[in-house]
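Take a look at the structure below.
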Amino acid sequence: LQRRLLAAHPKFTMMVEHDQGLPLIGTLGLQDAAWVADPSLDLDRHVHHIALPRPADDSELRRLVSDLASTPLAMDMPPWQIHLIERGGLDTALLVRMHHCIADGIALARVLLSLTDARPDGEEPPEPEPEPAADGLGLDALLHPRQLVRLAIDGARDVEVLARLTLARPDPHDGLKGELSGLRRVGWCDPIDLRAIKDLAHRHGATVNDVLLAAVAGALRTHLKRVGERAPRMRAIVPFNLRAPGEAPSEELGNRFGLVFLELPVAERGRRERLRKVKAGMDEIKRSPEGPVSYAVLQAMGAMPQRLQGEVVSLFTSKGSAVVTNVPGPRRARLLAGARVASLQIWAPASGSVGLSISIISYAGSVTVGLMTDPAIVSDPQRIADDVAAEVAAMQRLRPAADAWRAA
C-alpha cells in the first residue's frame, strides 16, 4: 500500500479542508474546499485487521460489511479505509472504502487493480484486443465520448435534454422510495458466467448490458410482488464513463462521469418484453447528448454553495429510484500480495432520496451483482441479488425472435 497506493497516487495522502472564513451571502455559505496534504499521515489509521472468531459464512460477512458501510468515513484525514477480514480458516476478505470525492468508479477500480499482479513474478502480459462494443459490459464501451460531444454541440438539443433532466416527474414514492434511515445493508450474488450472458445477448441482438439491466428489472419486479407492492413506473440513474476508450484517469484522479435516466420496465410481466424495452431505452440513450449535458450540470453543482448543492442533488435524485452502475474488470484472475483474488464485489453510493444502488462488475470470465440498500427501503438486499442471478438463468431459456436473429 505504501509503494503502490500512497507513492503512486498522492491523492490518497491528502484530506479535504474547508475554508470556514468565507462570508455568507444571505443564508448560503460559500465554504470553499481544497485538497491539502495530511500533516499526520499514518497508514495504520487507514488499515484495520478484523479476525472473526469462527468460520464465518457469507451471511456473517454481509452483516459485518453492512455495519462498516453504515459508518461514515472520517474527514479529518484522507477519506479511505481498508479492512482485512479473516474468516476463521475460510478465505480472507479485503473491504476497501473510498470516498467518491477522490475519484469515480472507473478510476478507483484502476487504482485498486494497480495493487495486484497478473503473475507471481509481477510481470504483466500484453492486454488482449478490446472486444466489439456489442459484447461490452459497461456503458463506457457503448457510448463513445466523441460522438456524445458532437451531439451535445447542438444547443437546441441541449436545452431539450436539460429540461428532460430537471423537469421530468419524480418517481412514485412507493415500493422503492420513502423516508431513509441512513443505515446500509449489502448483498451480492454468486458469480455468473459471462460467456453465457454474451451468448444470450447475441441471440437476441442485444448487449451484455441490456441483458443485465433486464435481469435487474425482473428481480426488482419479483421483490415488489414479494413485499406486496405494485410494480410502478421506475427510473434508474445510470452513471457512465466520459473518458475516451482506453484513456487512463488523470494523475489527479477526480470524477469524469455523466448521468442518464433509464426507464426500467418493472411493470412488464414478460422477460422477452423487458429485454426488448431495455434495449430500446439504451439505444435511445446512445443517440442522446444526455450524458455530456448532465456532466456539465454536475460540474456547475460543484461550484455552488453547499446548501444549494443539496437542493440540486435532491432535484436530480427525485427522478430515479435506484443507482445502477457497471464496471468492467480484468479478464484474467489477479494476485494480491501473492494470493489469488477469487472474486470481486463493488457497491456504488447513492445520494439524496435514493436508497438503493445496484453495481455490476466483471472479473475473470464472470459477473457479480452487488446491492447496497437503506433498510427502510429494502431490508434484505441479498434476496434481490439472488433474484438477478435467477433472472439471468431464466432468460437463457428464451427463444429469440426472428428480428433478433437478423439484428445479431
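Residues in the C-alpha cells are numbered from 1 in each chain, the chains being A, B, ... in the order shown, and ligands are numbered from 1 in the order shown.
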Tell me which protein, DNA and RNA residues are within 9 Å of Pro349 of chain A, counting only C-alpha atoms, leaving out same-chain ones fewer than 5 positions away, and put them as an MDAnalysis selection string.
-> chainID A and resid 100 323 356:357 372
Name the residues of segment 57-89 of chain A that come out as strand (DSSP E) in a backbone DSSP run; write them as a PyMOL selection string.
-> chain A and resi 80-86
Output file for the selection above: N, CA and C atoms, as an mmCIF file, in the first residue's frame:
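part-v3.cif was written with the following content:
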data_model
loop_
_atom_site.group_PDB
_atom_site.id
_atom_site.type_symbol
_atom_site.label_atom_id
_atom_site.label_comp_id
_atom_site.auth_asym_id
_atom_site.auth_seq_id
_atom_site.Cartn_x
_atom_site.Cartn_y
_atom_site.Cartn_z
ATOM 1 N N TRP A 80 -10.408 7.332 3.188
ATOM 2 C CA TRP A 80 -10.438 5.950 2.715
ATOM 3 C C TRP A 80 -10.030 5.021 3.847
ATOM 4 N N GLN A 81 -10.486 3.769 3.755
ATOM 5 C CA GLN A 81 -10.205 2.737 4.755
ATOM 6 C C GLN A 81 -10.041 1.393 4.062
ATOM 7 N N ILE A 82 -9.215 0.529 4.649
ATOM 8 C CA ILE A 82 -9.123 -0.861 4.206
ATOM 9 C C ILE A 82 -9.233 -1.757 5.431
ATOM 10 N N HIS A 83 -10.126 -2.752 5.350
ATOM 11 C CA HIS A 83 -10.298 -3.719 6.427
ATOM 12 C C HIS A 83 -9.897 -5.102 5.912
ATOM 13 N N LEU A 84 -8.905 -5.709 6.548
ATOM 14 C CA LEU A 84 -8.507 -7.081 6.257
ATOM 15 C C LEU A 84 -9.309 -7.987 7.181
ATOM 16 N N ILE A 85 -10.179 -8.811 6.604
ATOM 17 C CA ILE A 85 -11.136 -9.600 7.384
ATOM 18 C C ILE A 85 -10.795 -11.077 7.248
ATOM 19 N N GLU A 86 -10.308 -11.674 8.319
ATOM 20 C CA GLU A 86 -10.040 -13.109 8.333
ATOM 21 C C GLU A 86 -11.282 -13.833 8.828
#
If you count only C-alpha atoms, which residues fall within 8 Å of Val238 of chain A, apart from same-chain ones fewer than 2 positions away, as a list in words?
->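 Close residues of Val238 of chain A: Ala236, Phe240, Leu259, Val260, Phe261, Leu262, Val323, Val324 and Thr325 of chain A.
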What separation in Å, quoted to one decimal, exists between atom CA of Gly178 of chain A and atom CA of Leu224 of chain A?
-> 14.1 Å
Find the residues near Val186 of chain A: any atom within 7 Å, counting only C-alpha atoms, skip ones fewer than 6 places away on the same chain, and give them as a list in words.
->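 So, after excluding close chain neighbours, the residues are Arg62, Ser66, Leu371, Met372, Thr373, Pro381 and Gln382 of chain A.
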N, CA and C atoms of the current selection, written as a CSV table (one decimal), in the first residue's frame:
chain,number,residue,atom,x,y,z
A,62,ARG,N,-21.6,-10.5,5.3
A,62,ARG,CA,-22.5,-9.4,4.8
A,62,ARG,C,-22.9,-8.5,6.0
A,66,SER,N,-22.1,-4.6,6.1
A,66,SER,CA,-23.2,-3.7,6.3
A,66,SER,C,-22.9,-2.7,7.4
A,371,LEU,N,-25.6,-5.3,-4.3
A,371,LEU,CA,-26.6,-4.3,-3.9
A,371,LEU,C,-26.3,-3.7,-2.6
A,372,MET,N,-26.5,-2.4,-2.5
A,372,MET,CA,-26.4,-1.6,-1.2
A,372,MET,C,-27.7,-0.9,-1.1
A,373,THR,N,-28.4,-1.1,0.1
A,373,THR,CA,-29.7,-0.5,0.3
A,373,THR,C,-29.8,0.1,1.7
A,381,PRO,N,-31.2,-7.0,0.9
A,381,PRO,CA,-30.8,-6.9,-0.5
A,381,PRO,C,-30.2,-8.2,-1.1
A,382,GLN,N,-29.9,-9.2,-0.2
A,382,GLN,CA,-29.3,-10.4,-0.7
A,382,GLN,C,-30.4,-11.2,-1.5
Excluding Ile384 of chain A and any residue of its chain fewer than 3 positions from it, enumerate the residues within 9 Å of it, using only C-alpha atoms, and give them as number ranges by chain.
-> A: 187-189, 216, 219-220, 222-223, 371, 380-381, 387-389
Please write the residues from the selection above to a file, keeping N, CA, C and O atoms, as a CSV table (one decimal), in the first residue's frame.
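Here's the written file result_17.csv:
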chain,number,residue,atom,x,y,z
A,187,GLY,N,-25.6,-6.9,-0.2
A,187,GLY,CA,-25.8,-8.3,-0.7
A,187,GLY,C,-25.0,-8.4,-2.0
A,187,GLY,O,-24.7,-7.4,-2.6
A,188,TRP,N,-24.7,-9.7,-2.4
A,188,TRP,CA,-24.1,-9.9,-3.7
A,188,TRP,C,-24.4,-11.3,-4.1
A,188,TRP,O,-24.6,-12.2,-3.3
A,189,CYS,N,-24.5,-11.5,-5.4
A,189,CYS,CA,-24.9,-12.8,-5.9
A,189,CYS,C,-23.6,-13.6,-6.2
A,189,CYS,O,-22.5,-13.1,-6.2
A,216,VAL,N,-32.0,-7.1,-13.9
A,216,VAL,CA,-32.3,-6.3,-12.7
A,216,VAL,C,-33.7,-5.8,-12.6
A,216,VAL,O,-34.4,-5.9,-11.5
A,219,ALA,N,-35.7,-8.8,-11.4
A,219,ALA,CA,-35.5,-9.0,-9.9
A,219,ALA,C,-36.2,-8.0,-9.1
A,219,ALA,O,-36.8,-8.3,-8.0
A,220,LEU,N,-36.3,-6.7,-9.5
A,220,LEU,CA,-37.0,-5.7,-8.7
A,220,LEU,C,-38.5,-5.9,-8.8
A,220,LEU,O,-39.2,-5.7,-7.8
A,222,THR,N,-39.9,-8.9,-9.0
A,222,THR,CA,-40.1,-10.0,-8.0
A,222,THR,C,-40.1,-9.5,-6.6
A,222,THR,O,-40.9,-9.9,-5.8
A,223,HIS,N,-39.2,-8.6,-6.3
A,223,HIS,CA,-39.1,-8.0,-4.9
A,223,HIS,C,-40.4,-7.3,-4.6
A,223,HIS,O,-41.0,-7.4,-3.5
A,371,LEU,N,-25.6,-5.3,-4.3
A,371,LEU,CA,-26.6,-4.3,-3.9
A,371,LEU,C,-26.3,-3.7,-2.6
A,371,LEU,O,-25.8,-4.3,-1.6
A,380,ASP,N,-33.6,-6.7,2.9
A,380,ASP,CA,-32.8,-7.9,2.6
A,380,ASP,C,-32.3,-7.8,1.2
A,380,ASP,O,-32.9,-8.4,0.3
A,381,PRO,N,-31.2,-7.0,0.9
A,381,PRO,CA,-30.8,-6.9,-0.5
A,381,PRO,C,-30.2,-8.2,-1.1
A,381,PRO,O,-30.2,-8.4,-2.3
A,387,ASP,N,-32.1,-12.9,-6.9
A,387,ASP,CA,-33.1,-12.9,-7.9
A,387,ASP,C,-32.5,-12.4,-9.3
A,387,ASP,O,-33.0,-12.9,-10.3
A,388,VAL,N,-31.5,-11.6,-9.3
A,388,VAL,CA,-30.9,-11.1,-10.5
A,388,VAL,C,-30.2,-12.4,-11.2
A,388,VAL,O,-30.4,-12.6,-12.4
A,389,ALA,N,-29.5,-13.1,-10.4
A,389,ALA,CA,-28.9,-14.3,-11.0
A,389,ALA,C,-29.9,-15.3,-11.5
A,389,ALA,O,-29.8,-15.9,-12.6
Residue contacts of Ser343 of chain A (12 Å, only C-alpha atoms) excluding same-chain residues fewer than 6 positions away, as a compact mmCIF listing (two decimals) with N, CA, C and O atoms, in the first residue's frame:
# COMPACT_ATOMS: atom_id res chain seq x y z
N ASP A 91 -11.61 -18.26 3.43
CA ASP A 91 -10.83 -17.27 2.69
C ASP A 91 -10.83 -15.92 3.42
O ASP A 91 -11.60 -15.69 4.35
N THR A 92 -9.94 -15.05 2.99
CA THR A 92 -9.79 -13.73 3.61
C THR A 92 -10.45 -12.69 2.70
O THR A 92 -10.29 -12.74 1.47
N ALA A 93 -11.19 -11.78 3.29
CA ALA A 93 -11.83 -10.71 2.53
C ALA A 93 -11.09 -9.39 2.77
O ALA A 93 -10.57 -9.15 3.86
N LEU A 94 -11.05 -8.59 1.75
CA LEU A 94 -10.46 -7.25 1.86
C LEU A 94 -11.55 -6.25 1.49
O LEU A 94 -12.01 -6.22 0.35
N TRP A 188 -24.74 -9.66 -2.37
CA TRP A 188 -24.11 -9.91 -3.67
C TRP A 188 -24.44 -11.33 -4.11
O TRP A 188 -24.62 -12.23 -3.29
N CYS A 189 -24.54 -11.52 -5.41
CA CYS A 189 -24.88 -12.83 -5.94
C CYS A 189 -23.61 -13.64 -6.16
O CYS A 189 -22.50 -13.11 -6.16
N ASP A 190 -23.77 -14.96 -6.36
CA ASP A 190 -22.65 -15.78 -6.78
C ASP A 190 -22.23 -15.36 -8.19
O ASP A 190 -23.07 -14.87 -8.97
N PRO A 191 -20.97 -15.53 -8.55
CA PRO A 191 -20.53 -15.14 -9.90
C PRO A 191 -21.35 -15.83 -11.00
O PRO A 191 -21.66 -17.02 -10.91
N ILE A 192 -21.71 -15.04 -12.03
CA ILE A 192 -22.48 -15.53 -13.18
C ILE A 192 -21.53 -15.63 -14.37
O ILE A 192 -20.72 -14.72 -14.61
N GLY A 329 -14.11 -5.21 -15.23
CA GLY A 329 -12.90 -5.59 -14.50
C GLY A 329 -11.95 -6.38 -15.37
O GLY A 329 -12.17 -6.57 -16.57
N PRO A 330 -10.87 -6.90 -14.80
CA PRO A 330 -9.87 -7.63 -15.57
C PRO A 330 -10.41 -8.96 -16.09
O PRO A 330 -11.21 -9.62 -15.43
N ARG A 331 -9.92 -9.38 -17.25
CA ARG A 331 -10.40 -10.62 -17.84
C ARG A 331 -9.70 -11.84 -17.27
O ARG A 331 -10.19 -12.96 -17.43
N ARG A 332 -8.54 -11.62 -16.66
CA ARG A 332 -7.79 -12.73 -16.06
C ARG A 332 -7.76 -12.54 -14.54
O ARG A 332 -7.82 -11.42 -14.04
N ALA A 333 -7.62 -13.66 -13.81
CA ALA A 333 -7.51 -13.59 -12.35
C ALA A 333 -6.24 -12.82 -11.96
O ALA A 333 -5.22 -12.87 -12.66
N ARG A 334 -6.33 -12.11 -10.86
CA ARG A 334 -5.20 -11.29 -10.38
C ARG A 334 -4.70 -11.82 -9.04
O ARG A 334 -5.40 -12.55 -8.32
N LEU A 335 -3.46 -11.41 -8.69
CA LEU A 335 -2.85 -11.77 -7.43
C LEU A 335 -2.65 -10.53 -6.58
O LEU A 335 -2.22 -9.48 -7.10
N LEU A 336 -2.96 -10.62 -5.30
CA LEU A 336 -2.72 -9.53 -4.35
C LEU A 336 -1.75 -10.04 -3.29
O LEU A 336 -2.09 -10.97 -2.54
N ILE A 361 -19.98 -5.84 -11.77
CA ILE A 361 -18.57 -5.84 -12.15
C ILE A 361 -18.23 -7.19 -12.77
O ILE A 361 -18.73 -8.24 -12.34
N SER A 362 -17.40 -7.16 -13.81
CA SER A 362 -16.92 -8.40 -14.43
C SER A 362 -15.52 -8.69 -13.91
O SER A 362 -14.75 -7.78 -13.59
N TYR A 363 -15.19 -9.99 -13.82
CA TYR A 363 -13.87 -10.39 -13.35
C TYR A 363 -13.59 -11.82 -13.77
O TYR A 363 -14.38 -12.72 -13.45
N ALA A 364 -12.51 -12.02 -14.51
CA ALA A 364 -12.01 -13.36 -14.84
C ALA A 364 -13.12 -14.26 -15.41
O ALA A 364 -13.29 -15.40 -14.97
N GLY A 365 -13.90 -13.73 -16.36
CA GLY A 365 -14.90 -14.54 -17.04
C GLY A 365 -16.23 -14.67 -16.34
O GLY A 365 -17.07 -15.49 -16.74
N SER A 366 -16.47 -13.87 -15.31
CA SER A 366 -17.75 -13.92 -14.60
C SER A 366 -18.21 -12.51 -14.28
O SER A 366 -17.47 -11.54 -14.39
N VAL A 367 -19.47 -12.42 -13.87
CA VAL A 367 -20.08 -11.15 -13.49
C VAL A 367 -20.70 -11.31 -12.11
O VAL A 367 -21.33 -12.33 -11.82
N THR A 368 -20.51 -10.32 -11.26
CA THR A 368 -21.13 -10.31 -9.93
C THR A 368 -21.99 -9.05 -9.80
O THR A 368 -21.58 -7.98 -10.24
N VAL A 369 -23.16 -9.20 -9.21
CA VAL A 369 -24.07 -8.08 -8.97
C VAL A 369 -24.15 -7.84 -7.47
O VAL A 369 -24.48 -8.75 -6.71
N GLY A 370 -23.81 -6.62 -7.04
CA GLY A 370 -23.87 -6.26 -5.64
C GLY A 370 -24.94 -5.21 -5.38
O GLY A 370 -25.15 -4.33 -6.23
Between atom CA of Asp76 of chain A and atom CA of Ala33 of chain A lies a distance of 13.0 Å
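For the set A:Val354, A:Ala337, A:Leu61, A:His48, the residue with the smallest atom-to-atom gap to Asp121 of chain A is A:Ala337, counting only C-alpha atoms.
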Any idea what the distance is between atom CA of Ala69 of chain A and atom CA of His99 of chain A?
->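 The value is 11.4 Å.
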Spatial neighbours of Met75 of chain A, 10 Å, only C-alpha atoms, chain gap at least 2 places, as an MDAnalysis selection string | chainID A and resid 15:17 72:73 77:80 99
Take the residues from that selection and write them out as a PDB file, in the first residue's frame, keeping C-alpha atoms.
ATOM      1  CA  MET A  15      -7.541  15.339   3.059  1.00  0.00           C
ATOM      2  CA  VAL A  16     -10.329  17.834   2.385  1.00  0.00           C
ATOM      3  CA  GLU A  17     -10.027  21.177   4.133  1.00  0.00           C
ATOM      4  CA  PRO A  72     -19.335   7.494   7.669  1.00  0.00           C
ATOM      5  CA  LEU A  73     -15.692   7.877   6.669  1.00  0.00           C
ATOM      6  CA  MET A  77      -7.772  12.511   7.353  1.00  0.00           C
ATOM      7  CA  PRO A  78      -7.651  11.132   3.778  1.00  0.00           C
ATOM      8  CA  PRO A  79     -11.143   9.638   3.294  1.00  0.00           C
ATOM      9  CA  TRP A  80     -10.438   5.950   2.715  1.00  0.00           C
ATOM     10  CA  HIS A  99     -14.988   8.474  -0.713  1.00  0.00           C
TER      11      HIS A  99
END
